[in-house]
Structures are given as C-alpha cells and as structure tokens.
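S.K.: To be precise about what I am sending: the file is called run18.pdb and holds PDB, C-alpha atoms.
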MODEL        1
ATOM      1  CA  MET A   1      -6.561  53.508 -17.755
ATOM      2  CA  ASP A   2      -8.618  55.982 -19.705
ATOM      3  CA  PHE A   3     -10.896  58.742 -18.448
ATOM      4  CA  PHE A   4     -14.129  56.785 -18.779
ATOM      5  CA  THR A   5     -12.765  53.806 -16.842
ATOM      6  CA  TRP A   6     -11.858  56.161 -13.998
ATOM      7  CA  CYS A   7     -15.370  57.608 -14.183
ATOM      8  CA  MET A   8     -16.889  54.137 -13.800
ATOM      9  CA  ILE A   9     -14.574  53.279 -10.905
ATOM     10  CA  SER A  10     -15.211  56.558  -9.067
ATOM     11  CA  ALA A  11     -18.986  56.274  -9.495
ATOM     12  CA  GLY A  12     -18.887  52.711  -8.182
ATOM     13  CA  PHE A  13     -16.762  53.674  -5.177
ATOM     14  CA  ALA A  14     -19.004  56.674  -4.462
ATOM     15  CA  MET A  15     -22.084  54.457  -4.397
ATOM     16  CA  ALA A  16     -20.370  51.784  -2.303
ATOM     17  CA  LEU A  17     -19.060  54.190   0.350
ATOM     18  CA  GLY A  18     -22.196  56.339   0.311
ATOM     19  CA  SER A  19     -24.610  53.451   0.703
ATOM     20  CA  LEU A  20     -22.431  51.796   3.361
ATOM     21  CA  GLY A  21     -22.381  54.917   5.528
ATOM     22  CA  THR A  22     -26.026  55.814   5.095
ATOM     23  CA  GLY A  23     -27.102  52.190   5.583
ATOM     24  CA  LEU A  24     -25.217  51.985   8.884
ATOM     25  CA  GLY A  25     -26.620  55.341   9.977
ATOM     26  CA  MET A  26     -30.217  54.388   9.143
ATOM     27  CA  GLY A  27     -29.883  50.995  10.800
ATOM     28  CA  ASN A  28     -28.555  52.564  14.004
ATOM     29  CA  ALA A  29     -31.279  55.224  14.005
ATOM     30  CA  ILE A  30     -34.101  52.726  13.517
ATOM     31  CA  ARG A  31     -32.681  50.325  16.134
ATOM     32  CA  SER A  32     -32.471  53.115  18.708
ATOM     33  CA  ALA A  33     -35.987  54.317  17.867
ATOM     34  CA  VAL A  34     -37.496  50.835  18.177
ATOM     35  CA  GLU A  35     -35.715  50.282  21.509
ATOM     36  CA  GLY A  36     -36.962  53.648  22.728
ATOM     37  CA  VAL A  37     -40.574  52.870  21.769
ATOM     38  CA  ALA A  38     -40.318  49.399  23.351
ATOM     39  CA  ARG A  39     -39.158  50.924  26.666
ATOM     40  CA  ASN A  40     -41.593  53.821  26.590
ATOM     41  CA  PRO A  41     -44.558  53.265  24.236
ATOM     42  CA  GLY A  42     -46.070  56.611  25.256
ATOM     43  CA  ALA A  43     -43.194  58.442  23.597
ATOM     44  CA  SER A  44     -43.830  56.903  20.169
ATOM     45  CA  GLY A  45     -45.080  60.201  18.737
ATOM     46  CA  LYS A  46     -41.931  62.097  19.717
ATOM     47  CA  VAL A  47     -39.710  59.210  18.600
ATOM     48  CA  LEU A  48     -41.516  58.980  15.262
ATOM     49  CA  THR A  49     -41.118  62.703  14.596
ATOM     50  CA  THR A  50     -37.414  62.702  15.426
ATOM     51  CA  LEU A  51     -36.828  59.458  13.531
ATOM     52  CA  MET A  52     -38.559  60.791  10.444
ATOM     53  CA  ILE A  53     -36.516  63.984  10.423
ATOM     54  CA  GLY A  54     -33.292  62.018  10.989
ATOM     55  CA  LEU A  55     -34.068  59.440   8.323
ATOM     56  CA  ALA A  56     -34.937  62.161   5.804
ATOM     57  CA  MET A  57     -31.539  63.778   6.417
ATOM     58  CA  ILE A  58     -29.628  60.470   6.163
ATOM     59  CA  GLU A  59     -31.546  59.408   3.068
ATOM     60  CA  SER A  60     -30.777  62.724   1.407
ATOM     61  CA  LEU A  61     -27.084  61.879   1.724
ATOM     62  CA  ALA A  62     -27.625  58.611  -0.157
ATOM     63  CA  ILE A  63     -29.620  60.438  -2.837
ATOM     64  CA  TYR A  64     -26.857  63.050  -3.207
ATOM     65  CA  VAL A  65     -24.283  60.287  -3.661
ATOM     66  CA  PHE A  66     -26.477  58.677  -6.319
ATOM     67  CA  VAL A  67     -26.980  61.994  -8.119
ATOM     68  CA  VAL A  68     -23.215  62.663  -8.090
ATOM     69  CA  ALA A  69     -22.561  59.155  -9.437
ATOM     70  CA  MET A  70     -25.117  59.751 -12.211
ATOM     71  CA  ILE A  71     -23.495  63.116 -13.013
ATOM     72  CA  ILE A  72     -20.055  61.455 -13.214
ATOM     73  CA  LEU A  73     -21.426  58.792 -15.552
ATOM     74  CA  PHE A  74     -23.939  60.642 -17.735
ATOM     75  CA  ALA A  75     -23.503  64.403 -17.331
ATOM     76  CA  ASN A  76     -19.789  64.736 -16.679
ATOM     77  CA  PRO A  77     -18.779  68.376 -17.346
ATOM     78  CA  PHE A  78     -15.227  67.338 -18.352
ATOM     79  CA  THR A  79     -16.181  64.786 -21.010
ATOM     80  CA  GLU A  80     -15.964  67.217 -23.938
ATOM     81  CA  GLN A  81     -12.610  68.589 -22.821
ATOM     82  CA  VAL A  82     -11.198  65.087 -22.499
ATOM     83  CA  ILE A  83     -12.509  64.109 -25.932
ATOM     84  CA  ASN A  84     -11.040  67.308 -27.430
ATOM     85  CA  LEU A  85      -7.671  66.602 -25.828
ATOM     86  CA  ALA A  86      -7.763  62.998 -27.025
ATOM     87  CA  THR A  87      -8.564  63.937 -30.633
ATOM     88  CA  ARG A  88      -5.996  66.744 -30.782
TER      89      ARG A  88
ATOM     90  CA  MET B   1     -49.099  60.742  18.031
ATOM     91  CA  SER B   2     -49.972  63.908  19.946
ATOM     92  CA  ASP B   3     -51.489  66.994  18.352
ATOM     93  CA  ALA B   4     -48.230  68.924  18.919
ATOM     94  CA  ASP B   5     -46.207  66.298  17.020
ATOM     95  CA  GLN B   6     -48.753  66.193  14.211
ATOM     96  CA  SER B   7     -48.829  69.984  13.912
ATOM     97  CA  PHE B   8     -45.007  70.064  13.857
ATOM     98  CA  LEU B   9     -44.975  67.572  10.967
ATOM     99  CA  ASP B  10     -47.707  69.532   9.170
ATOM    100  CA  ARG B  11     -45.652  72.713   9.568
ATOM    101  CA  VAL B  12     -42.551  70.939   8.221
ATOM    102  CA  ALA B  13     -44.574  69.726   5.197
ATOM    103  CA  LEU B  14     -45.913  73.242   4.570
ATOM    104  CA  ARG B  15     -42.435  74.768   4.890
ATOM    105  CA  ASN B  16     -41.147  72.230   2.353
ATOM    106  CA  LEU B  17     -43.614  73.619  -0.171
ATOM    107  CA  VAL B  18     -42.669  77.212   0.672
ATOM    108  CA  ILE B  19     -38.935  76.483   0.272
ATOM    109  CA  LEU B  20     -39.593  74.755  -3.067
ATOM    110  CA  ALA B  21     -41.561  77.791  -4.247
ATOM    111  CA  VAL B  22     -38.786  80.169  -3.083
ATOM    112  CA  LEU B  23     -36.117  78.101  -4.889
ATOM    113  CA  LEU B  24     -38.250  78.112  -8.039
ATOM    114  CA  VAL B  25     -38.674  81.896  -7.872
ATOM    115  CA  LEU B  26     -34.931  82.365  -7.234
ATOM    116  CA  SER B  27     -34.156  80.227 -10.290
ATOM    117  CA  LEU B  28     -36.222  82.459 -12.589
ATOM    118  CA  PRO B  29     -33.559  85.200 -13.131
ATOM    119  CA  TRP B  30     -31.318  82.532 -14.731
ATOM    120  CA  ARG B  31     -33.976  82.203 -17.457
ATOM    121  CA  SER B  32     -33.107  78.551 -17.781
ATOM    122  CA  ALA B  33     -36.075  76.219 -18.171
ATOM    123  CA  ALA B  34     -33.814  73.223 -17.556
ATOM    124  CA  LEU B  35     -32.683  74.632 -14.185
ATOM    125  CA  SER B  36     -36.218  75.507 -13.044
ATOM    126  CA  LEU B  37     -37.547  72.148 -14.237
ATOM    127  CA  GLY B  38     -34.722  70.379 -12.390
ATOM    128  CA  ILE B  39     -35.591  72.210  -9.161
ATOM    129  CA  LEU B  40     -39.297  71.481  -9.587
ATOM    130  CA  VAL B  41     -38.861  67.776 -10.339
ATOM    131  CA  GLY B  42     -36.205  67.321  -7.635
ATOM    132  CA  GLY B  43     -38.365  69.145  -5.097
ATOM    133  CA  LEU B  44     -41.431  67.081  -5.923
ATOM    134  CA  LEU B  45     -39.385  63.884  -5.594
ATOM    135  CA  ALA B  46     -38.063  64.987  -2.189
ATOM    136  CA  LEU B  47     -41.543  65.967  -0.991
ATOM    137  CA  GLY B  48     -43.025  62.699  -2.228
ATOM    138  CA  GLY B  49     -40.297  60.711  -0.464
ATOM    139  CA  PHE B  50     -40.825  62.605   2.793
ATOM    140  CA  TRP B  51     -44.587  62.124   2.656
ATOM    141  CA  TRP B  52     -44.222  58.406   1.898
ATOM    142  CA  GLN B  53     -41.728  57.937   4.738
ATOM    143  CA  GLN B  54     -44.026  59.684   7.193
ATOM    144  CA  ARG B  55     -47.009  57.491   6.210
ATOM    145  CA  THR B  56     -45.180  54.156   6.369
ATOM    146  CA  LEU B  57     -43.180  54.890   9.547
ATOM    147  CA  ARG B  58     -46.356  55.914  11.336
ATOM    148  CA  ARG B  59     -48.056  52.702  10.256
ATOM    149  CA  VAL B  60     -45.129  50.561  11.484
ATOM    150  CA  LEU B  61     -44.763  52.303  14.862
ATOM    151  CA  GLU B  62     -48.508  52.231  15.513
ATOM    152  CA  GLN B  63     -48.755  48.496  14.724
ATOM    153  CA  PRO B  64     -45.268  47.083  15.438
ATOM    154  CA  THR B  65     -45.946  43.564  14.121
ATOM    155  CA  PRO B  66     -43.310  41.511  12.234
ATOM    156  CA  GLN B  67     -45.518  41.575   9.096
ATOM    157  CA  ALA B  68     -45.726  45.368   9.193
ATOM    158  CA  ALA B  69     -41.933  45.629   9.639
ATOM    159  CA  ARG B  70     -41.315  43.254   6.726
ATOM    160  CA  GLY B  71     -43.786  45.167   4.560
ATOM    161  CA  PHE B  72     -42.012  48.399   5.474
ATOM    162  CA  GLN B  73     -38.626  46.942   4.480
ATOM    163  CA  VAL B  74     -39.935  45.667   1.121
ATOM    164  CA  ARG B  75     -41.681  48.953   0.328
ATOM    165  CA  TYR B  76     -38.622  50.929   1.428
ATOM    166  CA  PHE B  77     -36.329  49.066  -0.962
ATOM    167  CA  LEU B  78     -38.912  49.317  -3.746
ATOM    168  CA  ARG B  79     -39.155  53.060  -3.180
ATOM    169  CA  LEU B  80     -35.370  53.512  -3.210
ATOM    170  CA  ALA B  81     -35.103  51.420  -6.393
ATOM    171  CA  GLY B  82     -37.899  53.457  -7.983
ATOM    172  CA  LEU B  83     -36.236  56.712  -6.948
ATOM    173  CA  GLY B  84     -32.915  55.512  -8.377
ATOM    174  CA  LEU B  85     -34.610  54.569 -11.651
ATOM    175  CA  ILE B  86     -36.367  57.937 -11.893
ATOM    176  CA  LEU B  87     -33.092  59.811 -11.198
ATOM    177  CA  TYR B  88     -31.283  57.685 -13.805
ATOM    178  CA  VAL B  89     -33.928  58.499 -16.423
ATOM    179  CA  LEU B  90     -33.932  62.201 -15.476
ATOM    180  CA  ILE B  91     -30.126  62.616 -15.563
ATOM    181  CA  GLY B  92     -28.991  59.896 -17.954
ATOM    182  CA  ARG B  93     -31.793  59.886 -20.528
ATOM    183  CA  LEU B  94     -33.576  63.247 -20.311
ATOM    184  CA  GLY B  95     -30.464  65.268 -19.425
ATOM    185  CA  LEU B  96     -32.162  67.342 -16.726
ATOM    186  CA  HIS B  97     -30.020  70.075 -15.158
ATOM    187  CA  PRO B  98     -28.032  68.223 -12.434
ATOM    188  CA  VAL B  99     -27.488  71.320 -10.266
ATOM    189  CA  GLY B 100     -31.191  72.174 -10.390
ATOM    190  CA  LEU B 101     -32.103  68.597  -9.566
ATOM    191  CA  THR B 102     -29.710  68.543  -6.591
ATOM    192  CA  LEU B 103     -31.120  71.865  -5.341
ATOM    193  CA  GLY B 104     -34.655  70.515  -5.635
ATOM    194  CA  LEU B 105     -33.724  67.324  -3.811
ATOM    195  CA  SER B 106     -32.280  69.474  -1.005
ATOM    196  CA  VAL B 107     -35.655  71.029  -0.118
ATOM    197  CA  VAL B 108     -36.190  68.776   2.917
ATOM    198  CA  VAL B 109     -32.570  69.169   4.074
ATOM    199  CA  ILE B 110     -32.764  72.982   3.812
ATOM    200  CA  ASN B 111     -36.055  72.925   5.708
ATOM    201  CA  ILE B 112     -34.728  70.766   8.552
ATOM    202  CA  PHE B 113     -31.532  72.822   8.749
ATOM    203  CA  CYS B 114     -33.528  76.070   8.969
ATOM    204  CA  THR B 115     -35.922  74.567  11.543
ATOM    205  CA  ALA B 116     -33.018  73.401  13.728
ATOM    206  CA  LEU B 117     -31.323  76.799  13.389
ATOM    207  CA  ALA B 118     -34.528  78.659  14.294
ATOM    208  CA  ARG B 119     -35.023  76.478  17.385
ATOM    209  CA  LEU B 120     -31.424  77.078  18.473
ATOM    210  CA  VAL B 121     -31.828  80.835  18.094
ATOM    211  CA  ARG B 122     -35.183  80.793  19.942
ATOM    212  CA  ARG B 123     -33.670  78.890  22.877
ATOM    213  CA  GLY B 124     -30.702  81.270  22.982
TER     214      GLY B 124
ENDMDL
END
The structure given in the file should be rewritten as structure tokens.
M.R.:
Amino acid sequence: MDFFTWCMISAGFAMALGSLGTGLGMGNAIRSAVEGVARNPGASGKVLTTLMIGLAMIESLAIYVFVVAMIILFANPFTEQVINLATR
Amino acid sequence: MSDADQSFLDRVALRNLVILAVLLVLSLPWRSAALSLGILVGGLLALGGFWWQQRTLRRVLEQPTPQAARGFQVRYFLRLAGLGLILYVLIGRLGLHPVGLTLGLSVVVINIFCTALARLVRRG
C-alpha cells in the first residue's frame, strides 16, 4: 500500500478510536451528573459546574483527534519528502 | 445555580480570554501571521464552544424535560458537525497553521489544568 492509503487508514482509525473513547467518557459523565441531580436537586449548580469543566476537557480530546486526522490528511509534513522519494 | 458557582464560571471564562491573549503575545516573536491567526481562530472556537456548552447545559439541568434533553442532543451534534466543518475548511482548504490552531484550541484545557493545579497548591 502506498503512503496516502496509510494516511487515510490512520486518520480513519484515529477518528474511530478517538470518538469511541470520548463518546463513552461523555456518556458516563452525563449519566452520573443526571443521577446526582435526580438524587439531590439542590446540588445542581455544583454538578453543572463540574460537568461543564469535565465535558470541556473530554470534548477537547475529540477535537484534538479530529485536528490530528485533518493534519494527516491535508497538512501532512511528510508528503513532500515522500513525493520526492517516489519521483527520484 | 449559586452565586459562588456562577462567579467561578465567570472567572473561568475571563481566564480563558487572558490565556488566549498570553498565547497570542507569546506567538508574536515568531513573526508568523499564520501561527498567530491559527491561535486566534482556534482560541475563539474553543471559547465559543465552552460558552455554548455552558448555556445549553444550564438550560437542560434547570428544566430537565425530555424535550429539552432531545433538543440538547440535536444541538450538540449540530455543533460538533459545524465545528468539524469549520476545522476542515481551516486546515484542509485555507491551510491555517495546524500547531497554532491546536494551541488555540487548547485554551480551555490549559485554563482548567492551571485552575486545578492552583487549587491543589492552595489546599497544600
């Protein structure tokens, strides 16, 4: 397989693994927060603050994975070297 | 939400802006407009996402009805799709500096990390 096929495969795997992990993490966080608010509605402010901070951190991971996948596909720093090697 | 929680979130939002400004100033010695622009755009995207999340989560937890939860889910996916599209255009079409963009997108993470660290130090 050539370089660009590997790029496509790695970007796809990065997105799949990244979104799987962050999706599970977000789902768990929201479930726990909703259960906490249901048991103790008075603590909704504290739960909301913590949930928001946690979700922002988890979501950043997903965004990083997406940015890395975009870099692999569209701004790969090794593309020129590979093309030079191929045309040599 | 209590005043203490609200003031904590306001402080976090303010610190986000300060960290973005510091990153922008630190990027100036590189004299690279692409890097500074990447940090600025990435930072604004991160701040916008944080602000949107705060608004919608508050609405859902204050009125926990099934309609509100469904609306939150739909808007959340729309926002993520929009963010993905914007990042694709910025990196794939406009060729914005990827390192700058990643640094800008890290504004909220840096802020939360610093806040957690400061609290740990304060508590000893």
S.K.: May I have the centre and edge lengths, in Å to one decimal, of an axis-aligned box around the listed atoms of range 75-82 of chain B with 8 Å added to every side, as AutoDock Vina command-line options?
M.R.:
--center_x -38.4 --center_y 51.2 --center_z -3.3 --size_x 22.6 --size_y 20.6 --size_z 25.4
S.K.: Could you tell me how far CA of Leu35 in chain B sits from CA of Gly100 in chain B, in Å to one decimal place?
M.R.: 4.8 Å
S.K.: Tell me, as a list in words, which residues lie within 10 Å of Leu37 in chain B, counting all atoms listed in the file; anything in the same chain fewer than 4 positions away does not count.
M.R.: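 Near Leu37 in chain B, the qualifying residues are Leu24, Ser27, Ser32, Ala33, Val41, Gly42, Gly43, Leu96, His97, Gly100, Leu101 and Gly104 of chain B.
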S.K.: Identify which of the residues A:Pro41, A:Asn28, A:Leu48, A:Ile63 lies closest to Ala14 in chain A, counting only C-alpha atoms when measuring atom-to-atom distances.
M.R.: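 Ranked by minimum distance to Ala14 in chain A, first place goes to A:Ile63.
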S.K.: At most 10 Å from (-23.3, 60.1, -11.9), file frame, all atoms listed in the file: which residues, as an MDAnalysis selection string?
M.R.: (chainID A and resid 7:8 10:12 14:15 64:76) or (chainID B and resid 87:88 91:92 98)
